[in-house]
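Colleague: For reference, the file target.pdb (PDB, C-alpha atoms and all ligand atoms) is included below:
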ATOM      1  CA  MET A   1      -8.524  -2.290  16.029  1.00  0.00           C
ATOM      2  CA  SER A   2      -7.847  -5.575  14.337  1.00  0.00           C
ATOM      3  CA  HIS A   3      -7.480  -9.121  15.556  1.00  0.00           C
ATOM      4  CA  ASN A   4      -5.615 -12.112  14.215  1.00  0.00           C
ATOM      5  CA  VAL A   5      -7.025 -14.968  12.174  1.00  0.00           C
ATOM      6  CA  SER A   6      -5.864 -18.215  10.594  1.00  0.00           C
ATOM      7  CA  ILE A   7      -5.868 -18.580   6.788  1.00  0.00           C
ATOM      8  CA  SER A   8      -5.661 -21.863   4.931  1.00  0.00           C
ATOM      9  CA  CYS A   9      -3.018 -21.408   2.204  1.00  0.00           C
ATOM     10  CA  PRO A  10      -4.710 -21.963  -1.199  1.00  0.00           C
ATOM     11  CA  SER A  11      -1.452 -23.403  -2.531  1.00  0.00           C
ATOM     12  CA  CYS A  12      -0.103 -25.815   0.099  1.00  0.00           C
ATOM     13  CA  GLY A  13      -3.151 -26.029   2.368  1.00  0.00           C
ATOM     14  CA  VAL A  14      -1.186 -25.347   5.539  1.00  0.00           C
ATOM     15  CA  ALA A  15      -2.798 -22.982   8.034  1.00  0.00           C
ATOM     16  CA  ILE A  16      -1.140 -19.585   8.132  1.00  0.00           C
ATOM     17  CA  GLU A  17      -1.690 -18.782  11.793  1.00  0.00           C
ATOM     18  CA  ASN A  18      -1.813 -15.443  13.514  1.00  0.00           C
ATOM     19  CA  THR A  19      -2.536 -13.419  10.376  1.00  0.00           C
ATOM     20  CA  ASN A  20      -3.782  -9.889  10.850  1.00  0.00           C
ATOM     21  CA  ALA A  21      -7.502  -9.742  10.008  1.00  0.00           C
ATOM     22  CA  LEU A  22      -6.824  -6.794   7.671  1.00  0.00           C
ATOM     23  CA  THR A  23      -4.453  -8.864   5.521  1.00  0.00           C
ATOM     24  CA  ARG A  24      -5.534  -9.312   1.894  1.00  0.00           C
ATOM     25  CA  SER A  25      -2.270 -10.631   0.441  1.00  0.00           C
ATOM     26  CA  LEU A  26       0.859 -12.221   1.858  1.00  0.00           C
ATOM     27  CA  THR A  27       3.718 -14.652   1.364  1.00  0.00           C
ATOM     28  CA  CYS A  28       2.835 -18.118   2.668  1.00  0.00           C
ATOM     29  CA  PRO A  29       5.545 -18.913   5.244  1.00  0.00           C
ATOM     30  CA  HIS A  30       5.304 -22.601   4.338  1.00  0.00           C
ATOM     31  CA  CYS A  31       5.427 -22.687   0.523  1.00  0.00           C
ATOM     32  CA  ASP A  32       6.618 -19.098  -0.213  1.00  0.00           C
ATOM     33  CA  ASN A  33       3.789 -18.490  -2.681  1.00  0.00           C
ATOM     34  CA  TRP A  34       2.243 -15.038  -2.789  1.00  0.00           C
ATOM     35  CA  VAL A  35      -1.470 -15.505  -2.023  1.00  0.00           C
ATOM     36  CA  TYR A  36      -4.231 -12.923  -2.124  1.00  0.00           C
ATOM     37  CA  PHE A  37      -7.911 -12.539  -1.353  1.00  0.00           C
ATOM     38  CA  GLY A  38      -9.567 -12.383  -4.770  1.00  0.00           C
ATOM     39  CA  SER A  39     -13.155 -12.555  -5.941  1.00  0.00           C
ATOM     40  CA  ASN A  40     -13.179 -16.323  -5.284  1.00  0.00           C
ATOM     41  CA  GLY A  41     -11.614 -16.176  -1.847  1.00  0.00           C
ATOM     42  CA  TRP A  42      -7.929 -16.886  -1.227  1.00  0.00           C
ATOM     43  CA  GLU A  43      -6.062 -17.463  -4.491  1.00  0.00           C
ATOM     44  CA  VAL A  44      -2.479 -18.271  -5.466  1.00  0.00           C
ATOM     45  CA  ALA A  45      -0.537 -15.641  -7.400  1.00  0.00           C
ATOM     46  CA  GLY A  46       2.667 -17.685  -7.613  1.00  0.00           C
ATOM     47  CA  LEU A  47       6.294 -17.581  -6.577  1.00  0.00           C
ATOM     48  CA  PHE A  48       8.063 -14.275  -7.019  1.00  0.00           C
ATOM     49  CA  GLU A  49      11.618 -13.197  -6.605  1.00  0.00           C
ATOM     50  CA  HIS A  50      11.573 -10.477  -4.013  1.00  0.00           C
ATOM     51  CA  ALA A  51      14.292  -8.566  -5.781  1.00  0.00           C
ATOM     52  CA  ILE A  52      13.437  -5.316  -4.120  1.00  0.00           C
ATOM     53  CA  ASP A  53      16.410  -4.885  -1.849  1.00  0.00           C
ATOM     54  CA  ALA A  54      17.583  -1.398  -2.691  1.00  0.00           C
ATOM     55  CA  PRO A  55      19.094   0.239   0.407  1.00  0.00           C
ATOM     56  CA  SER A  56      16.477   1.635   2.768  1.00  0.00           C
ATOM     57  CA  MET A  57      16.329   2.287   6.490  1.00  0.00           C
ATOM     58  CA  LEU A  58      13.040   0.395   6.443  1.00  0.00           C
ATOM     59  CA  GLN A  59      13.032  -3.381   6.351  1.00  0.00           C
ATOM     60  CA  LEU A  60      10.388  -6.027   6.625  1.00  0.00           C
ATOM     61  CA  GLY A  61       9.897  -6.977  10.282  1.00  0.00           C
ATOM     62  CA  LYS A  62      11.906  -4.041  11.615  1.00  0.00           C
ATOM     63  CA  SER A  63      10.376  -2.197  14.552  1.00  0.00           C
ATOM     64  CA  GLY A  64      10.712   1.439  15.458  1.00  0.00           C
ATOM     65  CA  VAL A  65       8.973   4.545  16.689  1.00  0.00           C
ATOM     66  CA  LEU A  66       7.553   7.299  14.518  1.00  0.00           C
ATOM     67  CA  LEU A  67       6.161  10.454  16.152  1.00  0.00           C
ATOM     68  CA  ASP A  68       5.890   8.662  19.518  1.00  0.00           C
ATOM     69  CA  ARG A  69       4.025   5.709  17.998  1.00  0.00           C
ATOM     70  CA  GLY A  70       5.618   2.268  17.963  1.00  0.00           C
ATOM     71  CA  PHE A  71       5.303   0.223  14.789  1.00  0.00           C
ATOM     72  CA  VAL A  72       6.495  -2.877  12.956  1.00  0.00           C
ATOM     73  CA  VAL A  73       7.087  -2.939   9.186  1.00  0.00           C
ATOM     74  CA  GLY A  74       4.526  -5.476   8.002  1.00  0.00           C
ATOM     75  CA  GLY A  75       4.963  -5.414   4.245  1.00  0.00           C
ATOM     76  CA  ARG A  76       6.031  -3.556   1.170  1.00  0.00           C
ATOM     77  CA  VAL A  77       4.884  -2.945  -2.393  1.00  0.00           C
ATOM     78  CA  ARG A  78       7.327  -1.721  -4.985  1.00  0.00           C
ATOM     79  CA  LEU A  79       5.763   0.240  -7.821  1.00  0.00           C
ATOM     80  CA  SER A  80       7.669   0.920 -10.998  1.00  0.00           C
ATOM     81  CA  TYR A  81       6.909   3.558 -13.594  1.00  0.00           C
ATOM     82  CA  GLU A  82       8.689   4.995 -16.602  1.00  0.00           C
ATOM     83  CA  ASP A  83      11.090   7.137 -14.536  1.00  0.00           C
ATOM     84  CA  GLY A  84      11.957   4.590 -11.856  1.00  0.00           C
ATOM     85  CA  TYR A  85      10.237   3.177  -8.822  1.00  0.00           C
ATOM     86  CA  TRP A  86       8.951   3.931  -5.341  1.00  0.00           C
ATOM     87  CA  ASP A  87       8.010   1.809  -2.358  1.00  0.00           C
ATOM     88  CA  GLU A  88       4.909   1.752  -0.220  1.00  0.00           C
ATOM     89  CA  TRP A  89       5.644   0.323   3.245  1.00  0.00           C
ATOM     90  CA  TRP A  90       2.824  -1.002   5.400  1.00  0.00           C
ATOM     91  CA  LEU A  91       3.415   0.086   8.984  1.00  0.00           C
ATOM     92  CA  GLU A  92       1.529  -1.742  11.707  1.00  0.00           C
ATOM     93  CA  PHE A  93       1.283   0.680  14.616  1.00  0.00           C
ATOM     94  CA  GLU A  94       0.843  -0.611  18.157  1.00  0.00           C
ATOM     95  CA  ASP A  95      -2.325   1.437  18.526  1.00  0.00           C
ATOM     96  CA  GLY A  96      -3.909  -0.624  15.725  1.00  0.00           C
ATOM     97  CA  ASN A  97      -4.046   2.367  13.368  1.00  0.00           C
ATOM     98  CA  HIS A  98      -2.002   0.917  10.510  1.00  0.00           C
ATOM     99  CA  GLN A  99      -0.773   3.219   7.716  1.00  0.00           C
ATOM    100  CA  TRP A 100       1.108   3.267   4.445  1.00  0.00           C
ATOM    101  CA  LEU A 101       4.437   5.051   4.315  1.00  0.00           C
ATOM    102  CA  GLU A 102       5.641   6.015   0.863  1.00  0.00           C
ATOM    103  CA  GLU A 103       9.395   6.115   0.248  1.00  0.00           C
ATOM    104  CA  ASP A 104      10.413   7.855  -2.943  1.00  0.00           C
ATOM    105  CA  ASP A 105      14.047   8.787  -3.454  1.00  0.00           C
ATOM    106  CA  GLY A 106      14.676   9.404   0.259  1.00  0.00           C
ATOM    107  CA  VAL A 107      11.423  11.317   0.806  1.00  0.00           C
ATOM    108  CA  TYR A 108       8.900   9.759   3.188  1.00  0.00           C
ATOM    109  CA  ARG A 109       5.192  10.461   3.139  1.00  0.00           C
ATOM    110  CA  LEU A 110       2.773   9.036   5.661  1.00  0.00           C
ATOM    111  CA  HIS A 111      -0.640   8.312   4.176  1.00  0.00           C
ATOM    112  CA  GLU A 112      -3.787   8.935   6.133  1.00  0.00           C
ATOM    113  CA  LYS A 113      -6.738   7.057   4.707  1.00  0.00           C
ATOM    114  CA  ILE A 114      -9.752   9.163   3.766  1.00  0.00           C
ATOM    115  CA  ASP A 115     -13.150   7.593   3.941  1.00  0.00           C
ATOM    116  CA  VAL A 116     -14.525   8.626   0.555  1.00  0.00           C
ATOM    117  CA  LYS A 117     -15.202   6.581  -2.543  1.00  0.00           C
ATOM    118  CA  ALA A 118     -14.119   6.985  -6.149  1.00  0.00           C
ATOM    119  CA  LYS A 119     -15.133   4.844  -9.099  1.00  0.00           C
ATOM    120  CA  ALA A 120     -12.446   2.641 -10.647  1.00  0.00           C
ATOM    121  CA  ASP A 121     -13.470   3.405 -14.246  1.00  0.00           C
ATOM    122  CA  GLN A 122     -13.259   7.162 -13.565  1.00  0.00           C
ATOM    123  CA  VAL A 123      -9.827   6.855 -11.952  1.00  0.00           C
ATOM    124  CA  LYS A 124      -8.577   4.778 -14.886  1.00  0.00           C
ATOM    125  CA  LYS A 125      -9.752   7.458 -17.349  1.00  0.00           C
ATOM    126  CA  ALA A 126      -8.622  10.465 -15.273  1.00  0.00           C
ATOM    127  CA  ASN A 127      -6.171  12.828 -16.900  1.00  0.00           C
ATOM    128  CA  PRO A 128      -4.366  15.904 -15.577  1.00  0.00           C
ATOM    129  CA  GLY A 129      -6.420  19.027 -16.241  1.00  0.00           C
ATOM    130  CA  GLY A 130      -9.695  17.156 -16.057  1.00  0.00           C
ATOM    131  CA  ASN A 131     -12.129  16.515 -13.239  1.00  0.00           C
ATOM    132  CA  ILE A 132     -13.194  13.455 -11.326  1.00  0.00           C
ATOM    133  CA  SER A 133     -16.277  13.031  -9.167  1.00  0.00           C
ATOM    134  CA  ILE A 134     -15.701  11.751  -5.629  1.00  0.00           C
ATOM    135  CA  ASP A 135     -18.705  11.317  -3.338  1.00  0.00           C
ATOM    136  CA  GLY A 136     -20.672  13.697  -5.566  1.00  0.00           C
ATOM    137  CA  ALA A 137     -18.104  16.527  -5.543  1.00  0.00           C
ATOM    138  CA  ASP A 138     -15.838  17.505  -8.445  1.00  0.00           C
ATOM    139  CA  TRP A 139     -12.091  17.323  -7.883  1.00  0.00           C
ATOM    140  CA  PHE A 140      -9.421  18.672 -10.212  1.00  0.00           C
ATOM    141  CA  VAL A 141      -6.938  16.054 -11.432  1.00  0.00           C
ATOM    142  CA  SER A 142      -3.439  17.524 -10.979  1.00  0.00           C
ATOM    143  CA  GLU A 143      -1.274  14.538 -11.812  1.00  0.00           C
ATOM    144  CA  ARG A 144      -1.311  10.977 -13.031  1.00  0.00           C
ATOM    145  CA  THR A 145       1.252   8.171 -12.867  1.00  0.00           C
ATOM    146  CA  ASP A 146       0.761   4.802 -14.507  1.00  0.00           C
ATOM    147  CA  ALA A 147       2.668   2.241 -12.492  1.00  0.00           C
ATOM    148  CA  GLN A 148       3.050  -1.499 -12.205  1.00  0.00           C
ATOM    149  CA  VAL A 149       3.495  -3.696  -9.145  1.00  0.00           C
ATOM    150  CA  ALA A 150       7.150  -4.723  -9.433  1.00  0.00           C
ATOM    151  CA  GLY A 151       7.523  -6.494  -6.115  1.00  0.00           C
ATOM    152  CA  VAL A 152       5.710  -7.475  -2.934  1.00  0.00           C
ATOM    153  CA  GLN A 153       6.877  -8.531   0.512  1.00  0.00           C
ATOM    154  CA  GLY A 154       5.402  -9.525   3.836  1.00  0.00           C
ATOM    155  CA  SER A 155       1.682  -9.142   4.329  1.00  0.00           C
ATOM    156  CA  LEU A 156      -0.483  -6.369   2.966  1.00  0.00           C
ATOM    157  CA  PRO A 157      -3.990  -4.988   3.565  1.00  0.00           C
ATOM    158  CA  VAL A 158      -4.724  -4.987  -0.164  1.00  0.00           C
ATOM    159  CA  ALA A 159      -5.219  -7.847  -2.611  1.00  0.00           C
ATOM    160  CA  ILE A 160      -2.374  -7.069  -4.953  1.00  0.00           C
ATOM    161  CA  VAL A 161      -0.341  -9.174  -7.352  1.00  0.00           C
ATOM    162  CA  PRO A 162       3.031  -8.540  -9.015  1.00  0.00           C
ATOM    163  CA  GLY A 163       2.661  -7.405 -12.610  1.00  0.00           C
ATOM    164  CA  GLU A 164      -0.685  -5.724 -12.209  1.00  0.00           C
ATOM    165  CA  ALA A 165      -1.235  -2.123 -13.254  1.00  0.00           C
ATOM    166  CA  VAL A 166      -1.778   0.633 -10.709  1.00  0.00           C
ATOM    167  CA  VAL A 167      -3.090   4.080 -11.650  1.00  0.00           C
ATOM    168  CA  CYS A 168      -2.063   6.836  -9.237  1.00  0.00           C
ATOM    169  CA  ILE A 169      -3.697  10.234  -9.504  1.00  0.00           C
ATOM    170  CA  GLY A 170      -3.450  13.400  -7.445  1.00  0.00           C
ATOM    171  CA  VAL A 171      -6.570  15.542  -7.045  1.00  0.00           C
ATOM    172  CA  MET A 172      -7.254  18.988  -5.581  1.00  0.00           C
ATOM    173  CA  GLY A 173     -10.439  20.690  -4.430  1.00  0.00           C
ATOM    174  CA  ASN A 174     -11.716  22.946  -1.658  1.00  0.00           C
ATOM    175  CA  GLY A 175      -8.151  23.652  -0.554  1.00  0.00           C
ATOM    176  CA  ARG A 176      -7.469  19.961  -0.067  1.00  0.00           C
ATOM    177  CA  LYS A 177      -5.280  17.458  -1.861  1.00  0.00           C
ATOM    178  CA  MET A 178      -5.829  13.743  -2.059  1.00  0.00           C
ATOM    179  CA  SER A 179      -4.034  10.831  -3.696  1.00  0.00           C
ATOM    180  CA  ILE A 180      -5.882   7.948  -5.265  1.00  0.00           C
ATOM    181  CA  GLU A 181      -4.335   4.592  -6.105  1.00  0.00           C
ATOM    182  CA  SER A 182      -6.387   2.187  -8.134  1.00  0.00           C
ATOM    183  CA  SER A 183      -5.242  -1.377  -8.744  1.00  0.00           C
ATOM    184  CA  GLU A 184      -7.136  -4.391 -10.069  1.00  0.00           C
ATOM    185  CA  GLN A 185      -9.228  -4.975  -6.939  1.00  0.00           C
ATOM    186  CA  GLU A 186      -8.606  -1.967  -4.739  1.00  0.00           C
ATOM    187  CA  ILE A 187      -9.007   1.773  -4.660  1.00  0.00           C
ATOM    188  CA  GLN A 188      -7.260   3.594  -1.866  1.00  0.00           C
ATOM    189  CA  ILE A 189      -7.618   7.297  -1.163  1.00  0.00           C
ATOM    190  CA  TRP A 190      -5.429   9.232   1.240  1.00  0.00           C
ATOM    191  CA  GLN A 191      -3.895  12.510   2.320  1.00  0.00           C
ATOM    192  CA  SER A 192      -0.139  12.551   2.745  1.00  0.00           C
ATOM    193  CA  SER A 193       2.209  14.360   5.050  1.00  0.00           C
ATOM    194  CA  VAL A 194       5.970  14.440   4.627  1.00  0.00           C
ATOM    195  CA  VAL A 195       7.958  12.790   7.434  1.00  0.00           C
ATOM    196  CA  ARG A 196      11.663  13.503   7.876  1.00  0.00           C
ATOM    197  CA  GLY A 197      14.000  10.518   8.068  1.00  0.00           C
ATOM    198  CA  ALA A 198      15.177  11.825  11.459  1.00  0.00           C
ATOM    199  CA  ALA A 199      11.634  11.396  12.810  1.00  0.00           C
ATOM    200  CA  PHE A 200      12.159   7.608  12.906  1.00  0.00           C
ATOM    201  CA  LYS A 201      13.711   6.001  15.962  1.00  0.00           C
ATOM    202  CA  TRP A 202      14.833   2.418  15.546  1.00  0.00           C
ATOM    203  CA  SER A 203      14.820  -0.107  18.352  1.00  0.00           C
TER     204      SER A 203
HETATM  205 ZN    ZN B   1       1.449 -22.235   1.283  1.00  0.00          ZN
END
Please render this file's structure as structure tokens.
Ligand SMILES: [Zn+2]

Modeller:
Amino acid sequence: MSHNVSISCPSCGVAIENTNALTRSLTCPHCDNWVYFGSNGWEVAGLFEHAIDAPSMLQLGKSGVLLDRGFVVGGRVRLSYEDGYWDEWWLEFEDGNHQWLEEDDGVYRLHEKIDVKAKADQVKKANPGGNISIDGADWFVSERTDAQVAGVQGSLPVAIVPGEAVVCIGVMGNGRKMSIESSEQEIQIWQSSVVRGAAFKWS
């Protein structure tokens, strides 16, 4: 469960009230700057055009129900790579169990966070066909995508800034698959399950 806090905007100084305690980057509602929690506390990334309005049934602030769980769309990251882009939506579920939902060309995947740790330098060097060590076990690297943060919206549980590089790798081991996303300040590891578009009910 999470609670809400107040953040002092590092750009305009105005208090951003009622911010989810998990939030590590967001648009200041007063000055529109994208701010993030960096190594020196809250920092200003700057003003960005949020030109990420390709058609989607998901929208910032929209509420709905997925698999009997109510949620609100809290934020979005758009990642671009050489063949196009995909979006990661941050869904804030009523039960407090917030999750990423990946939308890639009409396919939705719900990410379930896995509580293991990988090392950033290993993820950055990982290549398909090789191995990576996670919590002392070897995992086979099945895929790698080098992406860049192309857009951000709303508030997010990761300190992320437009323009930064994100390495995404898929690993397999012991009959399991995991995805790892490593950005400048964050490494996230999850298992994904495909969700049909029809599984969403919009209020
Ligand atoms: Zn501000």

Colleague: Starting from the PyMOL selection byres (((chain A and resi 132) around 10) and not hetatm), expand the selection into actual residues of this file and give them as a list in words.

Modeller: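 Going through the file, the PyMOL selection byres (((chain A and resi 132) around 10) and not hetatm) ends up selecting Ala118, Lys119, Gln122, Val123, Lys125, Ala126, Asn127, Gly130, Asn131, Ser133, Ile134, Asp135, Gly136, Ala137, Asp138, Trp139, Phe140, Val141, Val171 and Met172 of chain A.
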
Colleague: For the residues selected in the previous step, produce a file with C-alpha atoms as a compact mmCIF listing (two decimals), in the frame of the given file.

Modeller:
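Heads up, here's the output in result-v9.txt:
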# COMPACT_ATOMS: atom_id res chain seq x y z
CA ALA A 118 -14.12 6.98 -6.15
CA LYS A 119 -15.13 4.84 -9.10
CA GLN A 122 -13.26 7.16 -13.56
CA VAL A 123 -9.83 6.86 -11.95
CA LYS A 125 -9.75 7.46 -17.35
CA ALA A 126 -8.62 10.46 -15.27
CA ASN A 127 -6.17 12.83 -16.90
CA GLY A 130 -9.70 17.16 -16.06
CA ASN A 131 -12.13 16.52 -13.24
CA SER A 133 -16.28 13.03 -9.17
CA ILE A 134 -15.70 11.75 -5.63
CA ASP A 135 -18.70 11.32 -3.34
CA GLY A 136 -20.67 13.70 -5.57
CA ALA A 137 -18.10 16.53 -5.54
CA ASP A 138 -15.84 17.50 -8.44
CA TRP A 139 -12.09 17.32 -7.88
CA PHE A 140 -9.42 18.67 -10.21
CA VAL A 141 -6.94 16.05 -11.43
CA VAL A 171 -6.57 15.54 -7.04
CA MET A 172 -7.25 18.99 -5.58

Colleague: Which neighbours of Glu94 in chain A fall inside 9 Å, counting all atoms listed in the file, when residues of the same chain fewer than 2 positions from it are skipped, and could you give them as a PyMOL selection string?

Modeller: chain A and resi 69-72+92+96-98

Colleague: Which polymer residues have any atom within 12 Å of an atom of Pro29 in chain A, counting all atoms listed in the file, with same-chain residues fewer than 3 positions away left out, as a list in words?

Modeller: Ile7, Ser8, Cys9, Ser11, Cys12, Gly13, Val14, Ala15, Ile16, Glu17, Asn18, Thr19, Leu26, Asp32, Asn33, Trp34, Val35, Leu47, Gln153, Gly154 and Ser155 of chain A

Colleague: For a cutoff of 9 Å around the file-coordinate point (-1.7, 0.4, -9.1), which residues qualify once you count all atoms listed in the file? I'd like the result as a PyMOL selection string.

Modeller: chain A and resi 79+146-149+160+164-168+181-184+186-187

Colleague: So, with only C-alpha atoms as the atoms that count, which of A:Arg24, A:Gln185, A:Ala120, A:Trp202 lies closest to Ser63 in chain A?

Modeller: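 Checking each of A:Arg24, A:Gln185, A:Ala120, A:Trp202 against Ser63 in chain A, counting only C-alpha atoms, the winner is A:Trp202.
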
Colleague: My structure is short of atoms at range 8-35 of chain A; please model N, CA and C atoms there, returning them as a PDB file, in the coordinates of the input.

Modeller:
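Resulting contents of result12.pdb:
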ATOM      1  N   SER A   8      -6.148 -20.630   5.530  1.00  0.00           N
ATOM      2  CA  SER A   8      -5.661 -21.863   4.931  1.00  0.00           C
ATOM      3  C   SER A   8      -5.018 -21.507   3.588  1.00  0.00           C
ATOM      4  N   CYS A   9      -3.721 -21.787   3.430  1.00  0.00           N
ATOM      5  CA  CYS A   9      -3.018 -21.408   2.204  1.00  0.00           C
ATOM      6  C   CYS A   9      -3.660 -22.102   0.995  1.00  0.00           C
ATOM      7  N   PRO A  10      -4.071 -21.348  -0.032  1.00  0.00           N
ATOM      8  CA  PRO A  10      -4.710 -21.963  -1.199  1.00  0.00           C
ATOM      9  C   PRO A  10      -3.735 -22.755  -2.050  1.00  0.00           C
ATOM     10  N   SER A  11      -2.432 -22.648  -1.760  1.00  0.00           N
ATOM     11  CA  SER A  11      -1.452 -23.403  -2.531  1.00  0.00           C
ATOM     12  C   SER A  11      -1.058 -24.697  -1.831  1.00  0.00           C
ATOM     13  N   CYS A  12      -0.591 -24.612  -0.596  1.00  0.00           N
ATOM     14  CA  CYS A  12      -0.103 -25.815   0.099  1.00  0.00           C
ATOM     15  C   CYS A  12      -1.090 -26.344   1.132  1.00  0.00           C
ATOM     16  N   GLY A  13      -2.125 -25.551   1.447  1.00  0.00           N
ATOM     17  CA  GLY A  13      -3.151 -26.029   2.368  1.00  0.00           C
ATOM     18  C   GLY A  13      -2.808 -25.882   3.835  1.00  0.00           C
ATOM     19  N   VAL A  14      -1.581 -25.489   4.137  1.00  0.00           N
ATOM     20  CA  VAL A  14      -1.186 -25.347   5.539  1.00  0.00           C
ATOM     21  C   VAL A  14      -1.833 -24.093   6.114  1.00  0.00           C
ATOM     22  N   ALA A  15      -2.202 -24.159   7.382  1.00  0.00           N
ATOM     23  CA  ALA A  15      -2.798 -22.982   8.034  1.00  0.00           C
ATOM     24  C   ALA A  15      -1.734 -21.923   8.277  1.00  0.00           C
ATOM     25  N   ILE A  16      -2.028 -20.716   7.845  1.00  0.00           N
ATOM     26  CA  ILE A  16      -1.140 -19.585   8.132  1.00  0.00           C
ATOM     27  C   ILE A  16      -1.729 -18.916   9.361  1.00  0.00           C
ATOM     28  N   GLU A  17      -1.141 -19.226  10.511  1.00  0.00           N
ATOM     29  CA  GLU A  17      -1.690 -18.782  11.793  1.00  0.00           C
ATOM     30  C   GLU A  17      -1.367 -17.319  12.061  1.00  0.00           C
ATOM     31  N   ASN A  18      -2.149 -16.750  12.954  1.00  0.00           N
ATOM     32  CA  ASN A  18      -1.813 -15.443  13.514  1.00  0.00           C
ATOM     33  C   ASN A  18      -1.687 -14.347  12.455  1.00  0.00           C
ATOM     34  N   THR A  19      -2.553 -14.426  11.434  1.00  0.00           N
ATOM     35  CA  THR A  19      -2.536 -13.419  10.376  1.00  0.00           C
ATOM     36  C   THR A  19      -3.448 -12.262  10.771  1.00  0.00           C
ATOM     37  N   ASN A  20      -2.976 -11.069  10.557  1.00  0.00           N
ATOM     38  CA  ASN A  20      -3.782  -9.889  10.850  1.00  0.00           C
ATOM     39  C   ASN A  20      -5.082  -9.943  10.040  1.00  0.00           C
ATOM     40  N   ALA A  21      -6.195  -9.644  10.681  1.00  0.00           N
ATOM     41  CA  ALA A  21      -7.502  -9.742  10.008  1.00  0.00           C
ATOM     42  C   ALA A  21      -7.632  -8.778   8.831  1.00  0.00           C
ATOM     43  N   LEU A  22      -6.780  -7.753   8.785  1.00  0.00           N
ATOM     44  CA  LEU A  22      -6.824  -6.794   7.671  1.00  0.00           C
ATOM     45  C   LEU A  22      -6.094  -7.320   6.436  1.00  0.00           C
ATOM     46  N   THR A  23      -5.317  -8.395   6.599  1.00  0.00           N
ATOM     47  CA  THR A  23      -4.453  -8.864   5.521  1.00  0.00           C
ATOM     48  C   THR A  23      -5.259  -9.362   4.329  1.00  0.00           C
ATOM     49  N   ARG A  24      -4.878  -8.866   3.123  1.00  0.00           N
ATOM     50  CA  ARG A  24      -5.534  -9.312   1.894  1.00  0.00           C
ATOM     51  C   ARG A  24      -4.543  -9.947   0.915  1.00  0.00           C
ATOM     52  N   SER A  25      -3.250  -9.857   1.208  1.00  0.00           N
ATOM     53  CA  SER A  25      -2.270 -10.631   0.441  1.00  0.00           C
ATOM     54  C   SER A  25      -1.010 -10.805   1.272  1.00  0.00           C
ATOM     55  N   LEU A  26      -0.336 -11.929   1.068  1.00  0.00           N
ATOM     56  CA  LEU A  26       0.859 -12.221   1.858  1.00  0.00           C
ATOM     57  C   LEU A  26       1.650 -13.379   1.257  1.00  0.00           C
ATOM     58  N   THR A  27       2.896 -13.502   1.714  1.00  0.00           N
ATOM     59  CA  THR A  27       3.718 -14.652   1.364  1.00  0.00           C
ATOM     60  C   THR A  27       3.390 -15.783   2.324  1.00  0.00           C
ATOM     61  N   CYS A  28       3.054 -16.960   1.799  1.00  0.00           N
ATOM     62  CA  CYS A  28       2.835 -18.118   2.668  1.00  0.00           C
ATOM     63  C   CYS A  28       4.178 -18.504   3.284  1.00  0.00           C
ATOM     64  N   PRO A  29       4.265 -18.575   4.615  1.00  0.00           N
ATOM     65  CA  PRO A  29       5.545 -18.913   5.244  1.00  0.00           C
ATOM     66  C   PRO A  29       5.950 -20.371   5.027  1.00  0.00           C
ATOM     67  N   HIS A  30       5.005 -21.174   4.527  1.00  0.00           N
ATOM     68  CA  HIS A  30       5.304 -22.601   4.338  1.00  0.00           C
ATOM     69  C   HIS A  30       5.763 -22.914   2.916  1.00  0.00           C
ATOM     70  N   CYS A  31       5.093 -22.340   1.910  1.00  0.00           N
ATOM     71  CA  CYS A  31       5.427 -22.687   0.523  1.00  0.00           C
ATOM     72  C   CYS A  31       5.984 -21.486  -0.254  1.00  0.00           C
ATOM     73  N   ASP A  32       6.050 -20.316   0.388  1.00  0.00           N
ATOM     74  CA  ASP A  32       6.618 -19.098  -0.213  1.00  0.00           C
ATOM     75  C   ASP A  32       5.799 -18.508  -1.358  1.00  0.00           C
ATOM     76  N   ASN A  33       4.627 -19.088  -1.639  1.00  0.00           N
ATOM     77  CA  ASN A  33       3.789 -18.490  -2.681  1.00  0.00           C
ATOM     78  C   ASN A  33       3.172 -17.191  -2.185  1.00  0.00           C
ATOM     79  N   TRP A  34       2.998 -16.254  -3.090  1.00  0.00           N
ATOM     80  CA  TRP A  34       2.243 -15.038  -2.789  1.00  0.00           C
ATOM     81  C   TRP A  34       0.774 -15.368  -2.981  1.00  0.00           C
ATOM     82  N   VAL A  35      -0.048 -15.197  -1.936  1.00  0.00           N
ATOM     83  CA  VAL A  35      -1.470 -15.505  -2.023  1.00  0.00           C
ATOM     84  C   VAL A  35      -2.257 -14.241  -1.726  1.00  0.00           C
TER      85      VAL A  35
END
